[in-house]
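For reference, upload22.cif (mmCIF, C-alpha atoms and all ligand atoms):
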data_upload
#
loop_
_atom_site.label_atom_id
_atom_site.label_comp_id
_atom_site.auth_asym_id
_atom_site.auth_seq_id
_atom_site.Cartn_x
_atom_site.Cartn_y
_atom_site.Cartn_z
CA MET B 13 124.18 116.81 64.76
CA SER B 14 123.12 113.16 64.85
CA ARG B 15 126.07 112.17 62.65
CA VAL B 16 128.51 113.83 65.02
CA PHE B 17 126.93 111.90 67.85
CA LEU B 18 127.28 108.58 66.04
CA ILE B 19 130.98 109.17 65.36
CA PHE B 20 131.45 110.05 68.97
CA LEU B 21 129.83 106.79 70.06
CA PHE B 22 131.90 104.83 67.60
CA LEU B 23 135.10 106.06 69.22
CA THR B 24 133.95 105.22 72.71
CA ASN B 25 135.60 102.32 74.50
CA ILE B 26 133.37 99.94 76.42
CA PHE B 27 134.31 98.41 79.74
CA ALA B 28 132.23 95.77 81.46
CA TYR B 29 132.15 94.81 85.10
CA GLU B 30 130.08 92.38 87.10
CA VAL B 31 128.35 93.75 90.21
CA THR B 32 126.11 92.10 92.81
CA ASN B 33 122.94 93.45 94.38
CA GLY B 34 123.65 94.75 97.88
CA LYS B 35 127.31 95.52 97.11
CA THR B 36 129.11 98.74 96.26
CA PHE B 37 130.82 99.56 92.97
CA LEU B 38 133.86 101.80 93.32
CA LEU B 39 135.58 103.42 90.36
CA GLU B 40 138.77 105.47 90.57
CA VAL B 41 138.92 108.36 88.13
CA SER B 42 141.16 111.34 87.46
CA GLU B 43 140.50 114.95 88.34
CA ASN B 44 139.03 116.05 85.00
CA SER B 45 136.47 113.30 84.90
CA GLN B 46 132.73 113.26 84.78
CA VAL B 47 130.79 110.08 85.42
CA LEU B 48 127.20 110.03 84.22
CA LYS B 49 124.39 107.63 84.99
CA ASP B 50 121.09 108.14 83.20
CA ASN B 51 122.46 111.52 82.04
CA LYS B 52 122.96 112.59 85.65
CA GLU B 53 126.40 113.37 86.97
CA LEU B 54 127.54 111.21 89.90
CA SER B 55 129.47 112.87 92.73
CA LEU B 56 133.22 112.62 92.45
CA LEU B 57 134.74 111.98 95.86
CA LYS B 58 138.32 112.97 96.55
CA HIS B 59 140.76 110.08 96.82
CA PRO B 60 141.87 109.88 100.48
CA ILE B 61 145.60 109.68 99.70
CA LYS B 62 146.30 110.07 95.95
CA LYS B 63 146.63 113.63 94.79
CA ASP B 64 144.49 114.69 91.79
CA SER B 65 142.58 111.44 92.00
CA TYR B 66 138.90 110.87 92.65
CA PHE B 67 136.45 108.00 92.97
CA VAL B 68 132.79 107.28 92.47
CA LEU B 69 130.80 105.15 94.88
CA LEU B 70 127.78 103.42 93.46
CA PRO B 71 125.70 101.39 95.92
CA ILE B 72 123.72 98.65 94.15
CA ALA B 73 120.36 98.30 95.88
CA TYR B 74 119.58 94.87 97.35
CA LYS B 75 116.17 94.88 95.70
CA THR B 76 117.29 96.11 92.29
CA LYS B 77 115.62 94.42 89.34
CA LEU B 78 118.06 95.92 86.84
CA LYS B 79 120.05 93.52 84.69
CA GLU B 80 122.59 96.17 83.79
CA ILE B 81 123.59 99.68 84.76
CA LYS B 82 125.21 101.92 82.17
CA LEU B 83 127.68 104.66 83.02
CA LEU B 84 129.50 107.12 80.83
CA HIS B 85 132.95 108.23 81.92
CA VAL B 86 134.13 111.42 80.23
CA GLU B 87 137.69 112.62 80.68
CA GLY B 88 138.62 115.72 78.71
CA ASN B 89 137.74 114.81 75.13
CA LYS B 90 137.92 111.06 75.74
CA SER B 91 135.00 108.99 76.87
CA GLU B 92 134.26 105.40 77.74
CA LYS B 93 131.11 103.46 78.38
CA ILE B 94 130.95 101.31 81.46
CA VAL B 95 128.45 98.50 81.62
CA LEU B 96 127.76 96.95 85.00
CA HIS B 97 126.16 93.52 84.68
CA VAL B 98 124.05 93.01 87.78
CA LYS B 99 124.22 89.53 89.25
CA GLN B 100 121.81 88.46 92.02
CA GLY B 101 123.81 87.51 95.11
CA LYS B 102 123.47 84.01 96.55
CA TYR B 103 121.97 85.12 99.84
CA LYS B 104 120.72 82.53 102.31
CA LYS B 105 117.30 82.10 103.91
CA GLU B 106 117.23 82.47 107.66
CA THR B 107 114.45 81.43 110.02
CA MET B 108 114.10 83.37 113.27
CA LYS B 109 111.85 83.04 116.28
CA VAL B 110 111.29 86.36 118.03
CA ASN B 111 108.77 88.01 120.30
CA PRO B 112 105.50 87.97 118.22
CA LYS B 113 104.91 91.62 119.19
CA LYS B 114 108.01 92.64 117.26
CA VAL B 115 106.92 90.77 114.12
CA LYS B 116 103.32 91.92 114.10
CA PRO B 117 103.53 95.09 116.14
CA PRO B 118 100.49 96.02 118.22
CA LYS B 119 98.29 98.85 116.91
CA SER B 120 99.56 101.11 119.67
CA ALA B 121 103.10 100.91 118.26
CA GLU B 122 102.19 101.72 114.64
CA ASN B 123 102.53 105.51 114.97
CA ARG B 124 105.86 105.21 116.66
CA ILE B 125 107.21 102.80 114.03
CA TRP B 126 106.04 105.08 111.24
CA LYS B 127 107.62 108.13 112.89
CA GLU B 128 110.93 106.34 113.36
CA TYR B 129 110.88 105.11 109.77
CA LEU B 130 110.37 108.67 108.47
CA GLU B 131 113.09 110.00 110.79
CA SER B 132 115.71 107.58 109.53
CA LYS B 133 114.61 108.10 105.94
CA LYS B 134 115.23 111.82 106.39
CA VAL B 135 118.63 111.23 108.01
CA TYR B 136 119.84 108.94 105.21
CA ALA B 137 118.60 111.28 102.49
CA THR B 138 120.77 114.08 103.90
CA VAL B 139 124.12 114.32 102.14
CA THR B 140 126.65 116.27 104.20
CA LYS B 141 129.13 117.80 101.75
CA GLU B 142 132.03 117.63 104.15
CA ARG B 143 133.99 114.42 104.65
CA TYR B 144 134.79 113.70 108.30
CA TRP B 145 137.11 110.69 107.89
CA LYS B 146 140.74 110.56 106.79
CA LYS B 147 141.83 107.04 107.67
CA PRO B 148 140.63 103.53 106.69
CA PHE B 149 137.40 102.23 108.22
CA LEU B 150 137.60 99.92 111.23
CA MET B 151 135.37 96.99 112.12
CA PRO B 152 132.98 97.87 114.97
CA LEU B 153 133.99 94.67 116.78
CA ASN B 154 136.49 91.89 116.36
CA SER B 155 134.20 88.96 116.99
CA LYS B 156 132.41 86.16 115.20
CA ILE B 157 129.84 87.11 112.58
CA THR B 158 126.60 85.40 113.50
CA SER B 159 124.44 86.55 110.59
CA ASN B 160 125.58 87.88 107.25
CA TYR B 161 124.17 90.79 105.31
CA GLY B 162 121.53 89.93 102.74
CA ASN B 163 119.97 86.82 104.27
CA ALA B 164 116.26 86.55 103.53
CA ARG B 165 114.57 86.73 106.93
CA ILE B 166 111.64 84.59 107.93
CA TYR B 167 110.31 85.70 111.32
CA ASN B 168 108.02 83.21 113.08
CA GLY B 169 107.16 81.66 109.75
CA SER B 170 106.57 84.76 107.60
CA LEU B 171 109.03 86.44 105.24
CA LYS B 172 109.97 89.92 106.47
CA GLY B 173 112.47 91.27 103.99
CA PHE B 174 116.21 90.88 104.10
CA HIS B 175 118.93 91.27 106.70
CA SER B 176 120.13 94.81 106.06
CA GLY B 177 123.35 94.60 108.09
CA THR B 178 125.93 92.27 109.60
CA ASP B 179 125.46 90.73 113.05
CA PHE B 180 128.44 90.33 115.35
CA ARG B 181 128.54 88.14 118.43
CA ALA B 182 128.57 90.49 121.42
CA PRO B 183 127.63 89.52 124.96
CA THR B 184 125.70 92.33 126.69
CA GLY B 185 128.13 95.00 127.87
CA THR B 186 130.72 94.67 125.08
CA THR B 187 132.20 98.07 124.12
CA LEU B 188 131.25 99.12 120.57
CA LYS B 189 133.48 101.40 118.54
CA THR B 190 132.68 103.86 115.79
CA VAL B 191 134.18 102.65 112.50
CA ASN B 192 135.42 106.10 111.51
CA ASP B 193 135.26 109.81 112.34
CA GLY B 194 131.82 111.36 112.08
CA VAL B 195 128.94 113.16 113.72
CA VAL B 196 126.31 111.30 115.77
CA VAL B 197 122.94 112.00 114.15
CA VAL B 198 120.79 109.49 116.03
CA ALA B 199 121.29 108.29 119.61
CA SER B 200 117.92 107.05 120.85
CA GLU B 201 115.68 104.12 121.64
CA ARG B 202 113.75 102.74 118.66
CA TYR B 203 111.07 100.05 118.30
CA TYR B 204 112.93 97.62 116.05
CA SER B 205 116.56 98.70 116.54
CA GLY B 206 116.34 99.17 120.29
CA ASN B 207 118.97 101.60 121.53
CA ALA B 208 120.58 102.80 118.34
CA VAL B 209 123.38 105.08 117.21
CA ILE B 210 123.78 106.42 113.68
CA VAL B 211 126.97 108.22 112.67
CA ASP B 212 127.23 110.55 109.65
CA HIS B 213 130.64 110.18 108.00
CA GLY B 214 129.86 112.83 105.37
CA GLU B 215 129.21 112.58 101.59
CA GLY B 216 126.09 110.47 102.14
CA ILE B 217 127.84 107.66 104.09
CA TYR B 218 126.33 106.55 107.43
CA SER B 219 127.10 103.74 109.86
CA SER B 220 124.52 102.41 112.29
CA TYR B 221 124.76 100.32 115.46
CA SER B 222 121.67 98.66 116.94
CA HIS B 223 120.36 96.80 120.03
CA LEU B 224 122.70 98.54 122.51
CA SER B 225 122.23 98.17 126.27
CA LYS B 226 123.78 101.60 126.83
CA ILE B 227 124.45 104.63 124.62
CA ASN B 228 127.46 106.75 125.58
CA VAL B 229 127.17 109.51 122.94
CA LYS B 230 124.77 112.34 122.19
CA GLU B 231 123.24 113.60 118.97
CA GLY B 232 125.39 116.33 117.41
CA GLU B 233 128.56 115.03 119.05
CA PHE B 234 131.70 114.51 116.97
CA VAL B 235 133.14 111.01 117.39
CA LYS B 236 136.63 109.83 116.54
CA ARG B 237 137.47 106.58 114.73
CA GLY B 238 137.60 103.79 117.34
CA GLU B 239 135.84 105.86 120.00
CA ALA B 240 133.40 103.95 122.24
CA LEU B 241 129.75 104.63 121.33
CA GLY B 242 128.15 102.44 123.94
CA LEU B 243 127.67 98.87 125.07
CA SER B 244 126.09 95.99 123.17
CA GLY B 245 122.81 94.52 124.34
CA ALA B 246 119.54 92.90 123.32
CA THR B 247 117.10 95.81 122.94
CA GLY B 248 114.55 95.97 120.08
CA ARG B 249 113.72 93.07 117.73
CA VAL B 250 116.32 90.47 118.66
CA THR B 251 116.74 86.81 119.49
CA GLY B 252 119.60 87.56 121.91
CA PRO B 253 122.40 90.04 122.57
CA HIS B 254 124.47 90.99 119.51
CA LEU B 255 125.50 93.99 117.46
CA HIS B 256 123.59 94.71 114.25
CA PHE B 257 125.88 96.90 112.19
CA SER B 258 125.00 98.54 108.91
CA ILE B 259 126.35 101.00 106.37
CA ILE B 260 124.04 103.23 104.38
CA ILE B 261 125.05 105.07 101.22
CA GLU B 262 122.57 107.34 99.43
CA SER B 263 119.76 105.79 101.49
CA LYS B 264 120.73 102.25 100.42
CA LYS B 265 121.59 99.68 103.05
CA ILE B 266 124.46 97.81 101.44
CA ASP B 267 126.79 95.05 102.63
CA PRO B 268 128.87 96.85 105.28
CA LEU B 269 131.85 94.49 105.13
CA ASP B 270 132.00 94.71 101.34
CA PHE B 271 131.91 98.51 101.63
CA ILE B 272 134.73 98.57 104.20
CA LYS B 273 136.88 96.29 102.04
CA LYS B 274 136.33 98.45 98.93
CA ILE B 275 136.82 101.85 100.58
CA ASN B 276 139.91 100.63 102.45
CA SER B 277 141.43 99.42 99.15
CA LEU B 278 142.01 103.11 98.36
CA PHE B 279 144.66 103.30 101.11
ZN ZN Y 301 121.07 92.12 112.34
#
Go ahead and express the file in the form of C-alpha cells.
Ligand SMILES: [Zn+2]
Amino acid sequence: MSRVFLIFLFLTNIFAYEVTNGKTFLLEVSENSQVLKDNKELSLLKHPIKKDSYFVLLPIAYKTKLKEIKLLHVEGNKSEKIVLHVKQGKYKKETMKVNPKKVKPPKSAENRIWKEYLESKKVYATVTKERYWKKPFLMPLNSKITSNYGNARIYNGSLKGFHSGTDFRAPTGTTLKTVNDGVVVVASERYYSGNAVIVDHGEGIYSSYSHLSKINVKEGEFVKRGEALGLSGATGRVTGPHLHFSIIIESKKIDPLDFIKKINSLF
C-alpha cells in the first residue's frame, strides 16, 4: 500500500503560486476535478460562462501565519500538487482620531456589541448553496478610494486591528448600489458599522455596506445588481461621511477590490 502511494506521489506534478494575506486565490478547474486542502474537499463553483468548467475560491485570511498552503488537484486519474507560498502584504499603518466612545465603548454598549458580533458571525458562517448572481460584480461607487483594505488601524493612539474593507469618498446622501444580485440579510443600525446592509450573493459570498444615513431595503428582500440600497452617511465609528465596503468569503474579510478583479476575470 505504501509503495503504491509513493509511486503515485512521484508522478504528481507540482505547481507553485504566490499568494498574499487578505487576497483571494482563484483556480479554474474542469468538471471532473476534486481540489483538496488538508484532505478536505473544497467546493467547486460553476464557471459563470464556460460550460463544463468550474473554479475554486480560496480566501487567504489577513491574519494567517501560514508560510505555505498545500492543495491537491485530482482530475480523473491525474493529480497535481499546488503549493501556495504566502507572502505578507505591504499594508500601511493608519492613524485615526475618532470619538473616544467608539474606541473604548462604554460598559452599557458591551452587550450590544457582543450581540452584533455574534449575529454577523452567524450570517457569514451560513453558506447558501444557490448562486444569485450571473453577471460580473460592480463597484458600489465610482469615487475616490480614501482608505485601502488591510491598513493597520491606530485609533486615538492604540492599535485596533486592520481595515477590513475599502473606503470610498461619499458625501452624505450619495446613492449606494449593490455590487451584484443577492438577498439582503442585514439591514439595521449597528454600534460600529452604523446603518449597515449585508447582501448574501450565495455560495458563502457576502458584500457589506456601512455608515449609511438611510437604508432603502429590508431583510429578506431580493436585490438586483446596481440597485440602490440606501444613502451614504457618517453613522457608527467614523471620522466623516464615507462608504466602508467589504466582501466576506467563508467568514473571511478579504480585499474586496482584489476579489472583484479576480471573479470578473472569469467573464
Ligand atoms: Zn472603512
- [ ] Could you give me, as a list in words, the residues that have an atom at most 7 Å away from the point (115.0, 87.0, 111.5) in the coordinates of the file, using only C-alpha atoms?
- [x] Glu106, Thr107, Met108, Lys109, Arg165, Ile166 and Tyr167 of chain B
Task: Residues within 6 Å of Ala137 of chain B, only C-alpha atoms, excluding chain neighbours under 2 positions, as a count of residues only - done: 3
Mind running chain B against ligand ZN 301 (chain Y) at 6 Å and telling me each contacting residue's nearest atom pair with the distance in Å (one decimal), counting all atoms listed in the file, chain and number ascending, as JSON lines?
{"residue": "B:Gly177", "atom": "CA", "partner": "Y:ZN301", "partner_atom": "ZN", "distance": 5.4}
{"residue": "B:Thr178", "atom": "CA", "partner": "Y:ZN301", "partner_atom": "ZN", "distance": 5.6}
{"residue": "B:Asp179", "atom": "CA", "partner": "Y:ZN301", "partner_atom": "ZN", "distance": 4.7}
{"residue": "B:His256", "atom": "CA", "partner": "Y:ZN301", "partner_atom": "ZN", "distance": 4.1}
TODO: Extract, using all atoms listed in the file, all DNA, RNA and protein residues at most 9 Å from Arg237 of chain B, discarding same-chain residues fewer than 5 positions from it, and format them as JSON, numbers by chain.
DONE: {"B": [145, 147, 149, 150, 189, 190, 191, 192, 193, 194]}
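We find atom CA of Thr140 of chain B and atom CA of Glu215 of chain B to be spaced 5.2 Å apart.
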Task: Nearest residue to Ile259 of chain B from the set B:Tyr74, B:Tyr218, B:Tyr103, B:Phe234 (distances using only C-alpha atoms) - done: B:Tyr218
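Distance-wise, atom CA of Gly88 of chain B and atom CA of Ser42 of chain B end up 10.1 Å apart.
Straight-line separation from atom CA of Leu255 of chain B to atom CA of Arg143 of chain B: 25.6 Å.
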TODO: Find the residues near Tyr204 of chain B: any atom within 12 Å, counting only C-alpha atoms, skip ones fewer than 2 places away on the same chain, and give them as a VMD selection string.
DONE: chain B and resid 110 to 111 113 to 117 121 to 122 124 to 126 128 to 129 200 to 202 206 to 208 222 to 224 246 to 251 256
- [ ] Name the closest residue to Phe67 of chain B among the candidates B:Val139, B:Leu54, B:Ile210, B:Leu171; distances are taken between atoms, counting only C-alpha atoms.
- [x] B:Leu54
Open item on the list: Show me, as a ChimeraX atom specification, the residues that have an atom within 10 Å of Gly101 of chain B when counting all atoms listed in the file, minus same-chain residues fewer than 6 positions from it.
Closed with: /B:31-35,74,162-163
- [ ] Might you pull out every residue within 10 Å of Leu38 of chain B, with all atoms listed in the file counted and same-chain residues fewer than 2 positions away left off, and present them as a list in words?
- [x] Lys35, Thr36, Glu40, Val41, Phe67, Val68, Leu69, Leu70, Pro71, Phe271, Lys274, Ile275, Ser277 and Leu278 of chain B
- [ ] Give the answer as one residue: which of B:Asn276, B:Phe180, B:Lys58, B:Tyr203 has the shortest atom-to-atom distance to Lys127 of chain B, using only C-alpha atoms?
- [x] B:Tyr203
Open item on the list: Please list, as a PyMOL selection string, the residues that have an atom at most 9 Å away from (126.0, 106.5, 112.6) in the coordinates of this file, counting all atoms listed in the file.
Closed with: chain B and resi 190+194-199+208-213+217-221+258-259
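If all atoms listed in the file are the atoms counted, then among B:Ile261, B:Ala240, B:Leu130, B:Leu39 the closest residue to Leu96 of chain B is B:Leu39.
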